[in-house]
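Peer 1: The file below is final_7.txt, compact mmCIF, C-alpha atoms and all ligand atoms:
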```txt
# COMPACT_ATOMS: atom_id res chain seq x y z
CA MET A 1 15.09 2.86 -19.69
CA PHE A 2 11.59 1.92 -18.57
CA LYS A 3 11.11 -0.94 -16.15
CA LYS A 4 8.07 -3.12 -15.63
CA THR A 5 5.83 -2.08 -12.73
CA PRO A 6 6.42 -3.94 -9.45
CA GLY A 7 4.61 -7.26 -9.11
CA THR A 8 4.23 -7.79 -12.86
CA LYS A 9 6.15 -10.21 -15.04
CA ASP A 10 7.17 -10.49 -18.68
CA ILE A 11 6.48 -13.98 -19.93
CA LEU A 12 9.27 -14.33 -22.45
CA PRO A 13 9.12 -16.55 -25.56
CA ASP A 14 11.15 -19.32 -23.87
CA GLU A 15 8.68 -19.53 -20.97
CA VAL A 16 5.53 -19.21 -23.01
CA SER A 17 5.46 -22.85 -24.09
CA SER A 18 5.05 -23.93 -20.43
CA TRP A 19 2.08 -21.59 -20.13
CA GLN A 20 0.58 -22.93 -23.32
CA VAL A 21 0.93 -26.51 -22.11
CA ILE A 22 -0.88 -25.66 -18.88
CA GLU A 23 -3.59 -23.84 -20.83
CA GLU A 24 -4.02 -26.70 -23.30
CA THR A 25 -4.16 -29.29 -20.51
CA THR A 26 -6.71 -27.14 -18.71
CA ARG A 27 -8.93 -26.85 -21.77
CA ASN A 28 -8.79 -30.60 -22.35
CA ILE A 29 -9.71 -31.50 -18.80
CA PHE A 30 -12.49 -28.90 -18.58
CA SER A 31 -14.02 -30.17 -21.79
CA LEU A 32 -14.00 -33.72 -20.35
CA TYR A 33 -16.25 -32.35 -17.61
CA ASN A 34 -18.37 -30.41 -20.12
CA TYR A 35 -17.33 -26.91 -19.02
CA LYS A 36 -17.39 -24.15 -21.66
CA GLU A 37 -15.01 -21.21 -21.71
CA ILE A 38 -16.21 -17.74 -20.72
CA ARG A 39 -14.31 -14.48 -21.16
CA SER A 40 -15.35 -11.49 -19.10
CA PRO A 41 -13.85 -7.98 -19.30
CA ILE A 42 -10.74 -7.16 -17.28
CA ILE A 43 -12.34 -3.95 -16.06
CA GLU A 44 -15.58 -3.88 -14.05
CA GLU A 45 -17.51 -1.41 -11.94
CA ALA A 46 -15.65 -1.32 -8.60
CA ALA A 47 -18.93 -1.57 -6.67
CA LEU A 48 -19.44 -5.12 -8.03
CA PHE A 49 -16.51 -6.30 -5.93
CA ASN A 50 -17.42 -4.23 -2.85
CA ARG A 51 -20.84 -5.85 -2.94
CA SER A 52 -19.69 -9.42 -3.68
CA LEU A 53 -16.47 -9.79 -1.70
CA GLY A 54 -17.66 -7.58 1.17
CA GLU A 55 -16.64 -4.06 2.19
CA SER A 56 -14.35 -5.44 4.89
CA ALA A 57 -12.55 -7.96 2.65
CA GLU A 58 -8.83 -7.26 2.41
CA ILE A 59 -9.04 -7.14 -1.39
CA VAL A 60 -11.68 -4.41 -1.27
CA GLN A 61 -10.03 -2.50 1.58
CA LYS A 62 -6.48 -2.42 0.25
CA GLN A 63 -5.86 -4.27 -2.98
CA MET A 64 -8.06 -3.04 -5.79
CA PHE A 65 -6.50 -1.14 -8.66
CA LEU A 66 -9.07 1.56 -9.19
CA VAL A 67 -9.52 3.52 -12.39
CA LYS A 68 -11.55 6.72 -12.24
CA LYS A 69 -13.24 8.01 -15.38
CA ASP A 70 -15.44 11.06 -14.98
CA LYS A 71 -17.81 10.15 -12.16
CA ASP A 72 -17.38 6.41 -12.51
CA VAL A 73 -14.99 4.18 -10.58
CA TYR A 74 -13.83 0.96 -12.18
CA ALA A 75 -11.56 -1.78 -10.87
CA LEU A 76 -9.13 -4.06 -12.65
CA ARG A 77 -10.75 -7.35 -11.70
CA PRO A 78 -9.12 -8.83 -8.59
CA GLU A 79 -10.93 -12.16 -9.09
CA GLY A 80 -13.26 -13.90 -11.53
CA THR A 81 -16.32 -15.06 -9.61
CA ALA A 82 -18.20 -11.78 -9.21
CA PRO A 83 -17.73 -10.78 -12.89
CA ILE A 84 -19.06 -14.16 -14.02
CA VAL A 85 -22.15 -13.92 -11.86
CA ARG A 86 -22.62 -10.38 -13.21
CA ALA A 87 -22.30 -11.68 -16.78
CA TYR A 88 -24.65 -14.58 -16.04
CA LEU A 89 -27.36 -12.22 -14.84
CA GLU A 90 -26.79 -9.40 -17.31
CA ASN A 91 -27.05 -11.81 -20.24
CA ASN A 92 -30.17 -13.47 -18.79
CA LEU A 93 -28.47 -16.85 -18.68
CA ASP A 94 -30.55 -17.69 -15.61
CA LYS A 95 -33.60 -17.55 -17.88
CA THR A 96 -32.14 -19.03 -21.05
CA ALA A 97 -29.40 -21.46 -20.04
CA GLY A 98 -30.32 -22.67 -16.56
CA LEU A 99 -27.37 -24.42 -14.97
CA ILE A 100 -24.09 -23.30 -16.51
CA LYS A 101 -20.61 -24.76 -16.17
CA VAL A 102 -17.92 -22.34 -17.27
CA TYR A 103 -14.17 -21.95 -17.00
CA TYR A 104 -11.82 -19.02 -17.50
CA ILE A 105 -8.14 -18.36 -17.91
CA GLY A 106 -6.85 -14.83 -17.55
CA PRO A 107 -5.11 -12.06 -15.63
CA MET A 108 -6.28 -10.74 -12.26
CA PHE A 109 -4.94 -7.71 -10.38
CA ARG A 110 -4.32 -7.13 -6.69
CA ALA A 111 -2.17 -4.38 -5.23
CA GLU A 112 -0.34 -6.65 -2.79
CA ARG A 113 3.26 -6.49 -1.58
CA PRO A 114 5.07 -8.60 -4.20
CA GLN A 115 7.00 -11.68 -3.06
CA LYS A 116 7.59 -15.26 -4.29
CA GLY A 117 4.27 -16.50 -5.69
CA ARG A 118 2.55 -13.18 -4.98
CA LEU A 119 2.20 -10.74 -7.83
CA ARG A 120 0.13 -7.69 -8.61
CA GLN A 121 -0.82 -9.06 -11.99
CA PHE A 122 -1.24 -12.82 -11.80
CA HIS A 123 -3.31 -15.35 -13.70
CA HIS A 124 -6.30 -17.36 -12.65
CA LEU A 125 -7.44 -20.53 -14.18
CA GLY A 126 -10.79 -21.20 -12.65
CA CYS A 127 -14.34 -22.37 -13.07
CA GLU A 128 -17.83 -21.62 -11.83
CA VAL A 129 -21.01 -23.64 -11.87
CA ILE A 130 -24.20 -21.67 -11.31
CA GLY A 131 -27.58 -23.28 -10.73
CA SER A 132 -27.32 -26.11 -8.21
CA GLN A 133 -26.97 -26.73 -4.49
CA GLU A 134 -26.37 -30.47 -4.84
CA PRO A 135 -23.49 -31.82 -2.78
CA TYR A 136 -22.57 -34.06 -5.75
CA LEU A 137 -21.58 -30.89 -7.56
CA ASP A 138 -19.18 -29.96 -4.73
CA VAL A 139 -17.61 -33.37 -5.23
CA GLU A 140 -17.34 -32.90 -8.99
CA ILE A 141 -15.65 -29.53 -8.43
CA ILE A 142 -13.12 -30.85 -5.92
CA SER A 143 -12.39 -33.93 -8.03
CA LEU A 144 -11.96 -31.68 -11.08
CA ALA A 145 -9.41 -29.56 -9.20
CA ASP A 146 -7.63 -32.75 -8.13
CA ASN A 147 -7.58 -34.12 -11.69
CA LEU A 148 -6.28 -30.85 -13.09
CA LEU A 149 -3.35 -30.96 -10.68
CA LYS A 150 -2.62 -34.56 -11.67
CA ALA A 151 -2.73 -33.60 -15.34
CA TYR A 152 -0.22 -30.79 -14.68
CA THR A 153 2.03 -33.46 -13.04
CA ILE A 154 1.85 -31.68 -9.70
CA GLU A 155 2.41 -33.89 -6.67
CA GLY A 156 2.59 -33.32 -2.93
CA TYR A 157 -0.42 -31.03 -2.56
CA GLU A 158 -3.00 -31.16 0.19
CA ILE A 159 -6.73 -30.48 -0.07
CA LYS A 160 -8.26 -28.81 2.99
CA ILE A 161 -12.02 -28.55 3.29
CA ASN A 162 -14.54 -27.03 5.66
CA SER A 163 -18.17 -26.00 5.72
CA LEU A 164 -19.16 -22.49 6.76
CA GLY A 165 -22.84 -23.40 6.65
CA CYS A 166 -25.66 -21.18 5.40
CA ALA A 167 -25.93 -17.45 6.13
CA LYS A 168 -27.58 -18.18 9.49
CA ASP A 169 -24.83 -20.65 10.42
CA LYS A 170 -22.17 -18.12 9.48
CA LYS A 171 -23.81 -15.64 11.86
CA GLU A 172 -23.80 -18.30 14.55
CA LEU A 173 -20.11 -19.01 13.93
CA THR A 174 -19.42 -15.27 14.09
CA GLU A 175 -21.16 -15.13 17.48
CA ILE A 176 -19.22 -18.15 18.78
CA LEU A 177 -16.00 -16.44 17.73
CA ARG A 178 -16.99 -13.04 19.16
CA ASN A 179 -17.82 -14.52 22.53
CA GLY A 180 -14.71 -16.67 22.59
CA LEU A 181 -12.35 -13.90 21.48
CA LYS A 182 -13.74 -10.99 23.49
CA PRO A 183 -11.83 -11.79 26.67
CA LYS A 184 -8.62 -12.31 24.65
CA LEU A 185 -8.82 -9.22 22.50
CA THR A 186 -5.64 -7.63 23.87
CA LYS A 187 -3.60 -10.65 22.76
CA LEU A 188 -4.59 -10.22 19.09
CA CYS A 189 -2.58 -8.29 16.49
CA ASP A 190 -3.75 -4.81 15.44
CA ASP A 191 -5.29 -6.09 12.20
CA CYS A 192 -7.30 -8.70 14.10
CA LYS A 193 -8.54 -6.07 16.54
CA VAL A 194 -10.08 -4.32 13.53
CA ARG A 195 -11.32 -7.67 12.13
CA PHE A 196 -13.00 -8.34 15.46
CA LYS A 197 -15.28 -5.38 14.77
CA HIS A 198 -15.94 -5.86 11.06
CA ASN A 199 -15.12 -9.42 9.97
CA VAL A 200 -14.39 -11.68 12.88
CA LEU A 201 -14.19 -14.82 10.69
CA ARG A 202 -11.02 -13.48 9.10
CA ILE A 203 -9.23 -13.80 12.44
CA LEU A 204 -9.21 -17.55 11.82
CA ASP A 205 -6.81 -17.25 8.92
CA CYS A 206 -4.50 -14.61 10.39
CA LYS A 207 -0.88 -15.72 10.00
CA ASN A 208 0.35 -13.95 13.17
CA GLU A 209 1.79 -16.52 15.66
CA ARG A 210 0.03 -15.02 18.66
CA CYS A 211 -3.34 -14.88 16.91
CA ILE A 212 -2.91 -18.52 15.80
CA GLU A 213 -2.34 -19.49 19.47
CA VAL A 214 -5.40 -17.57 20.66
CA VAL A 215 -7.58 -19.07 17.94
CA LYS A 216 -6.35 -22.62 18.68
CA GLU A 217 -7.53 -22.30 22.28
CA LEU A 218 -11.09 -21.72 21.02
CA ASP A 219 -11.32 -25.34 19.85
CA ILE A 220 -13.63 -24.63 16.92
CA ARG A 221 -15.58 -27.52 15.39
CA GLN A 222 -18.52 -27.67 13.01
CA ASP A 223 -20.99 -27.10 15.88
CA HIS A 224 -22.47 -24.06 14.18
CA LEU A 225 -23.92 -26.07 11.25
CA CYS A 226 -27.70 -26.45 11.05
CA PRO A 227 -28.96 -30.00 10.35
CA GLU A 228 -29.39 -29.35 6.62
CA CYS A 229 -25.90 -27.89 6.19
CA LYS A 230 -24.44 -30.68 8.29
CA ARG A 231 -26.13 -33.26 6.03
CA HIS A 232 -24.80 -31.43 2.97
CA PHE A 233 -21.25 -31.47 4.31
CA ASP A 234 -21.48 -35.12 5.39
CA LYS A 235 -22.58 -36.06 1.87
CA VAL A 236 -19.68 -34.15 0.33
CA LYS A 237 -17.19 -35.96 2.57
CA GLU A 238 -18.81 -39.34 1.97
CA GLU A 239 -18.67 -38.99 -1.81
CA LEU A 240 -15.11 -37.64 -1.77
CA ASP A 241 -14.20 -40.79 0.14
CA SER A 242 -16.00 -42.94 -2.40
CA LEU A 243 -13.83 -41.39 -5.14
CA ASN A 244 -10.71 -41.90 -3.04
CA ILE A 245 -9.90 -38.21 -3.02
CA GLY A 246 -7.64 -37.42 -0.09
CA TYR A 247 -8.56 -34.34 1.97
CA LYS A 248 -8.19 -32.92 5.46
CA ILE A 249 -11.00 -31.25 7.34
CA ASN A 250 -9.89 -27.91 8.68
CA PRO A 251 -12.49 -26.09 10.80
CA TYR A 252 -10.30 -22.97 10.73
CA LEU A 253 -10.58 -22.59 6.97
CA VAL A 254 -12.88 -19.61 6.35
CA ARG A 255 -11.55 -17.85 3.20
CA GLY A 256 -11.31 -14.09 2.97
CA LEU A 257 -14.32 -13.33 0.79
CA ASP A 258 -17.83 -12.65 2.09
CA TYR A 259 -19.68 -14.56 -0.60
CA TYR A 260 -18.75 -18.05 0.59
CA THR A 261 -21.30 -20.36 2.21
CA ARG A 262 -21.23 -24.09 3.00
CA THR A 263 -18.32 -26.00 1.40
CA VAL A 264 -15.02 -24.13 1.15
CA PHE A 265 -11.67 -25.63 0.20
CA GLU A 266 -8.08 -24.70 -0.32
CA ILE A 267 -5.28 -26.66 -1.97
CA ILE A 268 -1.87 -26.00 -0.55
CA HIS A 269 1.67 -27.01 -1.50
CA HIS A 270 4.47 -26.76 1.02
CA ASP A 271 7.16 -26.03 -1.60
CA LEU A 272 5.52 -22.66 -2.19
CA GLY A 273 6.71 -21.16 1.10
CA ALA A 274 4.67 -18.42 2.77
CA GLN A 275 2.15 -18.10 -0.07
CA ASN A 276 1.31 -21.78 -0.01
CA ALA A 277 -2.17 -21.83 -1.63
CA LEU A 278 -2.14 -23.27 -5.14
CA GLY A 279 -5.83 -22.64 -5.45
CA ALA A 280 -9.06 -22.29 -3.56
CA GLY A 281 -12.79 -22.18 -3.93
CA GLY A 282 -16.15 -22.98 -2.50
CA ARG A 283 -19.90 -22.47 -2.60
CA TYR A 284 -21.48 -19.07 -2.84
CA ASP A 285 -25.16 -19.90 -2.69
CA ASN A 286 -26.31 -16.34 -1.89
CA LEU A 287 -24.28 -14.32 -4.36
CA VAL A 288 -26.58 -14.67 -7.38
CA GLY A 289 -29.49 -13.47 -5.23
CA ASP A 290 -27.40 -10.71 -3.64
CA LEU A 291 -26.54 -9.36 -7.09
CA GLY A 292 -30.20 -9.11 -8.03
CA GLY A 293 -30.85 -12.57 -9.51
CA PRO A 294 -32.87 -15.54 -8.36
CA SER A 295 -31.79 -17.69 -5.44
CA LEU A 296 -29.44 -20.21 -7.07
CA GLY A 297 -26.71 -22.41 -5.66
CA ALA A 298 -23.23 -21.91 -7.12
CA ILE A 299 -19.68 -23.14 -6.61
CA GLY A 300 -16.27 -22.69 -8.18
CA PHE A 301 -12.54 -22.45 -7.64
CA ALA A 302 -9.45 -20.81 -9.07
CA PHE A 303 -5.80 -21.79 -9.29
CA GLY A 304 -2.98 -19.26 -9.44
CA MET A 305 -1.16 -20.16 -12.67
CA GLU A 306 2.19 -18.73 -11.58
CA ARG A 307 2.06 -20.95 -8.50
CA LEU A 308 1.20 -24.04 -10.56
CA LEU A 309 4.27 -23.37 -12.68
CA LEU A 310 6.44 -23.04 -9.57
CA VAL A 311 5.62 -26.53 -8.28
CA ARG A 312 5.26 -28.63 -11.42
CA SER A 313 7.32 -31.78 -10.86
CA ARG A 314 8.38 -32.04 -14.49
CA GLU A 315 8.05 -30.20 -17.74
CA LEU A 316 5.23 -31.51 -19.82
CA GLY A 317 6.06 -32.02 -23.50
CA VAL A 318 6.43 -28.59 -25.01
CA GLY A 319 3.43 -27.74 -27.08
CA SER A 320 5.38 -26.50 -30.07
CA LYS A 321 5.11 -28.01 -33.51
CA ASP A 322 7.97 -29.82 -35.21
CA LEU A 323 9.66 -27.11 -37.20
CA VAL A 324 10.89 -27.41 -40.79
CA TYR A 325 13.72 -24.95 -41.42
CA VAL A 326 14.26 -23.75 -44.96
CA ILE A 327 17.76 -22.66 -45.96
CA SER A 328 17.92 -20.91 -49.32
CA LEU A 329 21.28 -19.70 -50.60
CA GLY A 330 21.31 -17.01 -53.30
CA GLU A 331 18.72 -14.72 -54.81
CA GLU A 332 16.89 -17.27 -57.00
CA ALA A 333 16.87 -19.80 -54.15
CA LYS A 334 15.37 -17.19 -51.82
CA LYS A 335 12.49 -16.64 -54.27
CA GLN A 336 11.83 -20.37 -54.39
CA GLY A 337 12.27 -20.64 -50.63
CA LEU A 338 9.60 -18.01 -50.07
CA LYS A 339 7.11 -19.99 -52.18
CA LEU A 340 8.09 -23.20 -50.46
CA LEU A 341 7.51 -21.70 -47.00
CA ASN A 342 4.12 -20.50 -48.11
CA ASN A 343 3.17 -23.99 -49.35
CA LEU A 344 4.39 -25.71 -46.20
CA ARG A 345 2.37 -23.45 -43.94
CA LYS A 346 -0.69 -23.88 -46.16
CA GLU A 347 -0.31 -27.62 -45.60
CA GLY A 348 -0.23 -27.07 -41.82
CA ILE A 349 3.50 -27.69 -41.54
CA ALA A 350 5.31 -25.24 -39.20
CA ALA A 351 8.18 -23.68 -41.13
CA ASP A 352 10.70 -20.88 -40.82
CA THR A 353 13.76 -19.59 -42.62
CA ASP A 354 16.84 -17.45 -42.08
CA TYR A 355 16.42 -13.70 -42.57
CA GLU A 356 19.89 -12.79 -41.36
CA GLY A 357 21.89 -13.76 -44.50
CA LYS A 358 23.73 -16.61 -42.75
CA SER A 359 26.07 -19.06 -44.49
CA LEU A 360 24.95 -22.70 -44.85
CA LYS A 361 26.89 -23.58 -41.71
CA GLY A 362 25.43 -20.68 -39.73
CA ALA A 363 21.90 -21.43 -40.90
CA LEU A 364 22.26 -25.11 -39.94
CA ARG A 365 23.42 -24.01 -36.49
CA LYS A 366 20.34 -21.79 -36.22
CA ALA A 367 18.11 -24.73 -37.27
CA ASN A 368 19.74 -26.78 -34.56
CA ASP A 369 19.20 -24.02 -31.95
CA LEU A 370 15.53 -23.94 -32.92
CA SER A 371 15.32 -27.74 -32.47
CA SER A 372 14.13 -28.11 -36.05
CA ARG A 373 13.22 -31.64 -36.96
CA LEU A 374 13.93 -31.27 -40.69
CA VAL A 375 15.90 -28.85 -42.83
CA LEU A 376 15.25 -28.11 -46.51
CA ILE A 377 18.18 -26.72 -48.44
CA ILE A 378 17.91 -24.90 -51.77
CA GLY A 379 21.21 -23.83 -53.32
CA GLU A 380 22.58 -23.40 -56.88
CA ASP A 381 23.00 -27.17 -57.28
CA GLU A 382 19.46 -27.93 -56.23
CA ILE A 383 18.08 -25.30 -58.61
CA LYS A 384 20.03 -26.80 -61.52
CA LYS A 385 18.77 -30.31 -60.70
CA ASN A 386 15.24 -29.12 -59.79
CA VAL A 387 15.37 -30.79 -56.35
CA VAL A 388 15.37 -29.80 -52.70
CA THR A 389 17.82 -31.33 -50.22
CA LEU A 390 16.03 -32.74 -47.20
CA LYS A 391 18.13 -33.20 -44.07
CA ASP A 392 16.83 -35.16 -41.09
CA MET A 393 18.30 -33.34 -38.08
CA VAL A 394 17.80 -36.34 -35.80
CA SER A 395 19.46 -39.08 -37.89
CA GLY A 396 21.66 -36.72 -39.91
CA GLU A 397 20.53 -38.43 -43.14
CA GLN A 398 20.24 -36.34 -46.27
CA LYS A 399 18.43 -36.92 -49.58
CA GLU A 400 17.26 -35.08 -52.65
CA VAL A 401 13.54 -34.77 -53.21
CA ARG A 402 11.66 -33.46 -56.26
CA PRO A 403 9.47 -30.43 -55.39
CA GLU A 404 6.24 -32.19 -56.43
CA ASN A 405 6.94 -35.04 -53.96
CA LEU A 406 8.09 -32.85 -51.12
CA ILE A 407 4.87 -32.45 -49.10
CA GLN A 408 4.18 -36.19 -49.26
CA GLU A 409 7.74 -36.90 -48.17
CA LEU A 410 7.52 -34.45 -45.24
CA LYS A 411 4.24 -35.93 -44.07
CA SER A 412 5.82 -39.38 -43.92
CA TYR A 413 7.89 -38.07 -40.98
CA ASN A 414 4.71 -37.74 -38.86
CA LEU A 415 5.57 -34.24 -37.72
CA THR A 416 3.77 -33.43 -34.46
CA HIS A 417 0.68 -31.20 -34.41
CA ASN A 418 0.65 -30.88 -38.17
CA SER A 419 -2.42 -31.67 -40.15
P1 LIG B 501 -8.45 -16.64 -4.11
O1 LIG B 501 -8.12 -17.59 -3.00
O2 LIG B 501 -8.43 -15.20 -3.77
O3 LIG B 501 -9.88 -17.07 -4.65
O4 LIG B 501 -7.47 -16.89 -5.32
C1 LIG B 501 -7.29 -18.17 -5.87
C2 LIG B 501 -5.81 -18.47 -6.06
O5 LIG B 501 -5.21 -17.43 -6.84
C3 LIG B 501 -4.97 -18.50 -4.79
O6 LIG B 501 -5.09 -19.74 -4.14
C4 LIG B 501 -3.57 -18.29 -5.34
O7 LIG B 501 -3.04 -19.48 -5.88
C5 LIG B 501 -3.83 -17.32 -6.50
N1 LIG B 501 -3.52 -15.94 -6.10
C6 LIG B 501 -4.28 -15.11 -5.37
N2 LIG B 501 -3.66 -13.91 -5.23
C7 LIG B 501 -2.49 -14.01 -5.88
C8 LIG B 501 -1.39 -13.10 -6.10
N3 LIG B 501 -1.40 -11.87 -5.63
N4 LIG B 501 -0.34 -13.55 -6.83
C9 LIG B 501 -0.32 -14.81 -7.33
N5 LIG B 501 -1.33 -15.69 -7.16
C10 LIG B 501 -2.39 -15.30 -6.44
C11 LIG B 501 -10.58 -16.39 -5.60
O8 LIG B 501 -10.15 -15.48 -6.24
C12 LIG B 501 -11.96 -16.95 -5.85
N6 LIG B 501 -12.58 -16.16 -6.92
C13 LIG B 501 -11.92 -18.43 -6.21
C14 LIG B 501 -13.30 -18.97 -6.45
C15 LIG B 501 -13.87 -19.21 -7.64
N7 LIG B 501 -14.18 -19.22 -5.51
C16 LIG B 501 -15.31 -19.63 -6.08
N8 LIG B 501 -15.12 -19.60 -7.40
```
For the structure just supplied, provide its representation as structure tokens.
Peer 2:
Amino acid sequence: MFKKTPGTKDILPDEVSSWQVIEETTRNIFSLYNYKEIRSPIIEEAALFNRSLGESAEIVQKQMFLVKKDKDVYALRPEGTAPIVRAYLENNLDKTAGLIKVYYIGPMFRAERPQKGRLRQFHHLGCEVIGSQEPYLDVEIISLADNLLKAYTIEGYEIKINSLGCAKDKKELTEILRNGLKPKLTKLCDDCKVRFKHNVLRILDCKNERCIEVVKELDIRQDHLCPECKRHFDKVKEELDSLNIGYKINPYLVRGLDYYTRTVFEIIHHDLGAQNALGAGGRYDNLVGDLGGPSLGAIGFAFGMERLLLVRSRELGVGSKDLVYVISLGEEAKKQGLKLLNNLRKEGIAADTDYEGKSLKGALRKANDLSSRLVLIIGEDEIKKNVVTLKDMVSGEQKEVRPENLIQELKSYNLTHNS
């Protein structure tokens, strides 16, 4: 028998309602902030990611699922930011739409070693705003992330923020790190020795105990920030305070992707274990220009949906509709039942029936298993009397209703999500 590939997951019907609730909550909150949905392809030219995330980024070096077709090399998207900037430019949105606020929900792919909270196909729920460098926007983005988590009923998370500064400041920080780490190179792990050559910033988020010790001794602060970037970061902090959003400044937070500049943030949850980031994001003020567009500020973030589901403190109300279960016994009743189902659904009432030839008792048990709110029974008696028996599965009450009054009667129960 075939098995699913490592690091992927089947989301079975029983679990899907939790996903739908998260998705629905997400859409509601994003629309409160006036973000519109965007859907980009799952497959992109691999070079888009090399260029955006950086040749030395771990994702580019080791984790992209590459698909070769003739002379072209594509990648299953490992993240959503680069594709959205590509779509923004390719569709001339810089010329026609100006500032855009978009969100996305969908699968991403990284060939990582699977473990709890780390998959090879996982789902992002993220957003991007392209077209502004204003620090107020950084505050909107972080407050949006905070409000999403509250809406998912997630508690106990921590927001860490830092500023990398502009491209010049990042160079300066790289120099500070190079000079500080050079004499201690032998103490670093093998990966960090390579990072020292190609991407020294990444040494700051190495998880190796010895590297953490070495890095701590460097006593990094925000000294590398130019006056303008410092002002930007001060404003972000000030306005986060004014909104009472709790955060911790972490000068060691650098993020693994090359495109970040200025504000970066990460939201962690200790219940997640080793893979403790629920989500992360930041500014990428040079990416639009680097991909051939005008110089435009941009910022965004993404949450890992699987991780959100792991730490939700309680189930939100399941997003399913109240179900009406039709039990028709005998051939003539089945004919009528089929018509009845059709009418109910036309009226926006969720309805189902038994296709397994169960007895009345068996069908009632099935209705119960499906958590049906109401059951409609059509048997020989009902046909003779031209009625339908309506059973309220909550109170247990039962009554006969004439077919022409049935829809009205059902609507009086205020079934959820039905029109
Ligand atoms: P990222 O930090 O690579 O950022 O991913 C965001 C989140 O996706 C992580 O915090 C984590 O929750 C989840 N995640 C990442 N990899 C996996 C995995 N293998 N399995 C399960 N969950 C995972 C980005 O991708 C940026 N594009 C975010 C962004 C948007 N920055 C600006 N705009």
Peer 1: For stretch 256-270 of chain A, find every residue with an atom within 8 Å (counting all atoms listed in the file), except residues of its own chain fewer than 3 positions away, and show them as a PDB file with C-alpha atoms, in the frame of the given file.
Peer 2:
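Here's the written file selection-v5.pdb:
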```pdb
ATOM      1  CA  SER A  52     -19.690  -9.420  -3.680  1.00  0.00           C
ATOM      2  CA  LEU A  53     -16.470  -9.790  -1.700  1.00  0.00           C
ATOM      3  CA  GLY A  54     -17.660  -7.580   1.170  1.00  0.00           C
ATOM      4  CA  ALA A  57     -12.550  -7.960   2.650  1.00  0.00           C
ATOM      5  CA  GLU A  58      -8.830  -7.260   2.410  1.00  0.00           C
ATOM      6  CA  ASP A 138     -19.180 -29.960  -4.730  1.00  0.00           C
ATOM      7  CA  GLY A 156       2.590 -33.320  -2.930  1.00  0.00           C
ATOM      8  CA  TYR A 157      -0.420 -31.030  -2.560  1.00  0.00           C
ATOM      9  CA  GLU A 158      -3.000 -31.160   0.190  1.00  0.00           C
ATOM     10  CA  ILE A 159      -6.730 -30.480  -0.070  1.00  0.00           C
ATOM     11  CA  LYS A 160      -8.260 -28.810   2.990  1.00  0.00           C
ATOM     12  CA  ILE A 161     -12.020 -28.550   3.290  1.00  0.00           C
ATOM     13  CA  ASN A 162     -14.540 -27.030   5.660  1.00  0.00           C
ATOM     14  CA  SER A 163     -18.170 -26.000   5.720  1.00  0.00           C
ATOM     15  CA  LEU A 164     -19.160 -22.490   6.760  1.00  0.00           C
ATOM     16  CA  GLY A 165     -22.840 -23.400   6.650  1.00  0.00           C
ATOM     17  CA  CYS A 166     -25.660 -21.180   5.400  1.00  0.00           C
ATOM     18  CA  ALA A 167     -25.930 -17.450   6.130  1.00  0.00           C
ATOM     19  CA  LYS A 170     -22.170 -18.120   9.480  1.00  0.00           C
ATOM     20  CA  ARG A 202     -11.020 -13.480   9.100  1.00  0.00           C
ATOM     21  CA  CYS A 229     -25.900 -27.890   6.190  1.00  0.00           C
ATOM     22  CA  PHE A 233     -21.250 -31.470   4.310  1.00  0.00           C
ATOM     23  CA  LEU A 253     -10.580 -22.590   6.970  1.00  0.00           C
ATOM     24  CA  GLY A 273       6.710 -21.160   1.100  1.00  0.00           C
ATOM     25  CA  ASN A 276       1.310 -21.780  -0.010  1.00  0.00           C
ATOM     26  CA  ALA A 277      -2.170 -21.830  -1.630  1.00  0.00           C
ATOM     27  CA  LEU A 278      -2.140 -23.270  -5.140  1.00  0.00           C
ATOM     28  CA  GLY A 279      -5.830 -22.640  -5.450  1.00  0.00           C
ATOM     29  CA  ALA A 280      -9.060 -22.290  -3.560  1.00  0.00           C
ATOM     30  CA  GLY A 281     -12.790 -22.180  -3.930  1.00  0.00           C
ATOM     31  CA  GLY A 282     -16.150 -22.980  -2.500  1.00  0.00           C
ATOM     32  CA  ARG A 283     -19.900 -22.470  -2.600  1.00  0.00           C
ATOM     33  CA  TYR A 284     -21.480 -19.070  -2.840  1.00  0.00           C
ATOM     34  CA  ASP A 285     -25.160 -19.900  -2.690  1.00  0.00           C
ATOM     35  CA  ASN A 286     -26.310 -16.340  -1.890  1.00  0.00           C
ATOM     36  CA  LEU A 287     -24.280 -14.320  -4.360  1.00  0.00           C
ATOM     37  CA  VAL A 311       5.620 -26.530  -8.280  1.00  0.00           C
TER      38      VAL A 311
END
```
Peer 1: Could you list, as an MDAnalysis selection string, all protein and nucleic acid residues with an atom at most 9 Å from ligand LIG 501 (chain B), counting all atoms listed in the file?
Peer 2: chainID A and resid 7 59 78:82 108:129 255:257 259:260 264:268 275:284 298:308
Peer 1: Using all atoms listed in the file, which of the listed residues (A:Lys168, A:Arg312, A:Lys4, A:Pro83) sits closest to A:Leu272?
Peer 2: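 Comparing A:Lys168, A:Arg312, A:Lys4, A:Pro83 against A:Leu272, the winner is A:Arg312.
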Peer 1: Which of these, A:Arg221, A:Arg373, A:Arg51, A:Arg365, has the shortest distance to A:Leu415 once you count all atoms listed in the file?
Peer 2: A:Arg373
Peer 1: Between A:Ile212, A:Thr153, A:Ala47, A:Asp190, which is the closest to A:Leu310 once you count only C-alpha atoms?
Peer 2: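 Between A:Ile212, A:Thr153, A:Ala47, A:Asp190, the residue approaching A:Leu310 most closely is A:Thr153.
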Peer 1: Could you list, as a PyMOL selection string, every residue within 12 Å of stretch 193-195 of chain A, counting only C-alpha atoms and ignoring same-chain residues fewer than 2 positions away?
Peer 2: chain A and resi 55-58+61+174+177-178+181-182+184-191+197-206+211+256
